[in-house]
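Working notes for the structure below.
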Amino acid sequence: MKAAFPLLATTALALPSALWAQGTSGIEFYGHFNPAWQSVDDGGQTKDTFVDNSNSNSRFGFNVTGDLGDTGNSFLFNFETGLGFRQSGAVSQLSEPDFWDIKRTDLRKFEAIFSTGYGTFYAGQGSMASDGVVGSDFTGVGVVAGSAIGDQAGGFQFRDTGGTLSGIAISDVFKNFDGSRRFRLRYDTPQYGGFKVAAAYGIEVLTSGDDRDFYDLAVYYSDTFGDVEFAASAGYSDTSDSNAGAYAGSAGILHTPSGVSFTLIAGGADTDASYAMARLGLERTFTSWGSTAAALDYYAGQDFDTSGSDSDLWGVSFVQKIDAANMELYAGYRDYSFSDTSGTLYQDMDSWLLGARWKYDF
């Protein structure tokens, strides 16, 4: 199977010129900048850092599209890369990466997409089938408070009550088991009655030394019932490693007239680690600038890092859209606590993330 991937890369490279040759092609450039101020109090010290928001890192991309005559089928070539700025999820008490250091792993998408009446086929670097199954969420605050908890301050370690760093970081004990991006083959069925199913096989090409195979399967559903919007998704992912399987899913409901939404997210792994997360949101238009969104989060996890451990989080977040500038202003606060059966007591941590995301396309 792996032998087919060089051919896929060559095909992806050739697609832009092939699409232009169809005579109905187009190209769109897009991206956004997302600088933020991060402040983390670990119980012993407070660290303030200017960062790029890992919840939605600054990026640049373009799409080349083309229709295949009168067949109703279409091609899309998508390139997308992060811009290499210091990520909020990478800062810690012991490390502050360079402000700018673009790397191979910043590449997000390099893929060819073929859409037909029989479904959608993907080849190249991009989302595996289960990437996004925890995203059935209408709260509107994902830019600052996504379910990937480590994006806000994941590198920071808990201190014990004596003030010593434990070596246990937020990202170690607050996971969401969402899917990933790989160099993959993926197929999505057409949507039937609000449902679609996706499956993918991939390998890791951006990080050297990772020779695993990756597999996953996901199902997505969405529909509107009068004034109520509903969405749900679930997925399972596995690798050629033993005990590496994981599952995750989410369900969200929005009452359109009031702007009130509620989301449940949950997941687990073959290691017996698991979690559940609940979100209550409100999004309304109070000013002429654009809509305002606010949400409350609670996360409870078990058996991360060691059996018998508990990971708990609560948070609050706000996002104000400024439509005229294609911008969002945001602020997010989270409080983290962790305990295990080792006899060590850990101090709680809290983090703030304040910033603005500006989107562009042309």
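Ordering of the structure tokens sets the chain letters (A, B, ...), residue numbers begin anew at 1 in every chain, and ligands are numbered from 1 in the order given.
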
Closest-contact table, segment 101-185 of chain A side, partner segment 270-281 of chain A, 8 Å, counting only C-alpha atoms, as CSV:
residue,atom,partner,partner_atom,distance
A:Phe138,CA,A:Gly281,CA,7.7
A:Thr139,CA,A:Gly281,CA,4.7
A:Gly140,CA,A:Gly281,CA,7.9
A:Lys175,CA,A:Tyr275,CA,7.9
A:Asn176,CA,A:Tyr275,CA,7.5

Residues near segment 251-259 of chain A, cut-off 6 Å, only C-alpha atoms, skip fewer than 2 positions along chain, as a compact mmCIF listing (two decimals) with N, CA and C atoms, in the first residue's frame:
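And here is the file that came out, selection.txt:
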# COMPACT_ATOMS: atom_id res chain seq x y z
N SER A 136 -18.80 18.80 16.41
CA SER A 136 -20.24 19.06 16.22
C SER A 136 -20.70 20.02 17.31
N ASP A 137 -20.43 21.29 17.11
CA ASP A 137 -20.51 22.29 18.17
C ASP A 137 -21.00 23.61 17.57
N ASP A 227 -36.91 25.23 14.29
CA ASP A 227 -35.99 26.23 14.86
C ASP A 227 -34.74 25.60 15.47
N VAL A 228 -34.58 24.31 15.34
CA VAL A 228 -33.49 23.61 16.01
C VAL A 228 -32.53 23.00 14.98
N GLU A 229 -31.24 23.29 15.13
CA GLU A 229 -30.20 22.65 14.34
C GLU A 229 -29.52 21.59 15.19
N PHE A 230 -29.23 20.46 14.57
CA PHE A 230 -28.60 19.35 15.29
C PHE A 230 -27.47 18.77 14.45
N ALA A 231 -26.38 18.42 15.10
CA ALA A 231 -25.26 17.77 14.43
C ALA A 231 -24.61 16.77 15.38
N ALA A 232 -24.13 15.67 14.82
CA ALA A 232 -23.45 14.66 15.62
C ALA A 232 -22.41 13.97 14.76
N SER A 261 -27.07 27.13 22.73
CA SER A 261 -26.60 25.84 22.23
C SER A 261 -26.05 25.01 23.38
N PHE A 262 -26.03 23.69 23.15
CA PHE A 262 -25.47 22.77 24.12
C PHE A 262 -24.71 21.69 23.37
N THR A 263 -23.53 21.32 23.88
CA THR A 263 -22.66 20.35 23.21
C THR A 263 -22.16 19.33 24.21
N LEU A 264 -22.14 18.07 23.79
CA LEU A 264 -21.49 17.00 24.55
C LEU A 264 -20.38 16.40 23.69
N LEU A 282 -24.04 30.66 24.10
CA LEU A 282 -25.03 31.65 23.67
C LEU A 282 -24.37 32.52 22.61
N GLU A 283 -25.02 32.66 21.46
CA GLU A 283 -24.52 33.55 20.40
C GLU A 283 -25.68 34.41 19.92
N ARG A 284 -25.51 35.72 20.09
CA ARG A 284 -26.54 36.69 19.69
C ARG A 284 -25.86 37.91 19.07

Write out as a PDB file with C-alpha atoms, in the first residue's frame all residues of segment 54-219 of chain A that backbone DSSP assigns to alpha helix (DSSP H).
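Okay, this is what ended up in states-v6.pdb:
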ATOM      1  CA  GLY A 150      -3.679  21.535  24.949  1.00  0.00           C
ATOM      2  CA  ASP A 151      -3.945  24.239  22.296  1.00  0.00           C
ATOM      3  CA  GLN A 152      -4.384  26.974  24.896  1.00  0.00           C
ATOM      4  CA  ALA A 153      -1.478  26.115  27.217  1.00  0.00           C
ATOM      5  CA  ILE A 170      -1.638  19.795  30.546  1.00  0.00           C
ATOM      6  CA  SER A 171      -1.492  18.117  27.123  1.00  0.00           C
ATOM      7  CA  ASP A 172      -0.560  14.788  28.784  1.00  0.00           C
ATOM      8  CA  VAL A 173      -3.746  14.589  30.853  1.00  0.00           C
TER       9      VAL A 173
END

Non-local contacts of Gln157 of chain A (10 Å; only C-alpha atoms; under 2 positions in same chain excluded) as a PDB file with C-alpha atoms, in the first residue's frame:
ATOM      1  CA  ASP A  42       0.905  27.366  37.659  1.00  0.00           C
ATOM      2  CA  SER A  92       6.041  25.916  28.876  1.00  0.00           C
ATOM      3  CA  GLN A  93       7.819  26.926  32.069  1.00  0.00           C
ATOM      4  CA  LEU A  94      11.032  25.471  30.621  1.00  0.00           C
ATOM      5  CA  ALA A 153      -1.478  26.115  27.217  1.00  0.00           C
ATOM      6  CA  GLY A 154      -0.712  22.419  26.756  1.00  0.00           C
ATOM      7  CA  GLY A 155       3.044  22.558  27.352  1.00  0.00           C
ATOM      8  CA  ARG A 159       3.696  21.809  40.141  1.00  0.00           C
ATOM      9  CA  ASP A 160       3.487  19.761  43.311  1.00  0.00           C
ATOM     10  CA  THR A 164       8.603  21.356  41.968  1.00  0.00           C
ATOM     11  CA  LEU A 165       7.587  20.777  38.362  1.00  0.00           C
ATOM     12  CA  SER A 166       6.083  17.307  38.068  1.00  0.00           C
ATOM     13  CA  GLY A 167       6.855  16.523  34.430  1.00  0.00           C
ATOM     14  CA  ILE A 168       3.102  16.073  33.831  1.00  0.00           C
ATOM     15  CA  ALA A 169       1.897  18.643  31.294  1.00  0.00           C
ATOM     16  CA  ILE A 170      -1.638  19.795  30.546  1.00  0.00           C
ATOM     17  CA  SER A 171      -1.492  18.117  27.123  1.00  0.00           C
ATOM     18  CA  ASP A 172      -0.560  14.788  28.784  1.00  0.00           C
ATOM     19  CA  TYR A 346      -0.542  18.977  42.512  1.00  0.00           C
ATOM     20  CA  MET A 349      -3.249  25.941  37.101  1.00  0.00           C
TER      21      MET A 349
END

Counting only C-alpha atoms, the residue of A:Arg108, A:Gly249, A:Thr116, A:Ser222 that sits nearest Thr71 of chain A
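Ranked by minimum distance to Thr71 of chain A, first place goes to A:Thr116.
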
Would you compute the distance between atom CA of Glu96 of chain A and atom CA of Gly142 of chain A? Give it in Å to one decimal.
24.3 Å

Fewer than 2 positions away in the same chain doesn't count, so skip those; otherwise give me all residues within 12 Å of Thr285 of chain A, counting only C-alpha atoms, as a PyMOL selection string.
chain A and resi 257-259+282-283+287-294+319-323

Using DSSP secondary structure from the backbone, list all strand (DSSP E or B) positions within segment 225-344 of chain A, as a PyMOL selection string.
chain A and resi 225+228-239+246-255+260-269+274-287+290-302+310-322+327-339

Minimum-distance residue to Asp348 of chain A, chosen among A:Ser127, A:Ser147, A:Ser311, A:Gln191 (using only C-alpha atoms)
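Under the stated criterion, the closest residue is A:Ser311.
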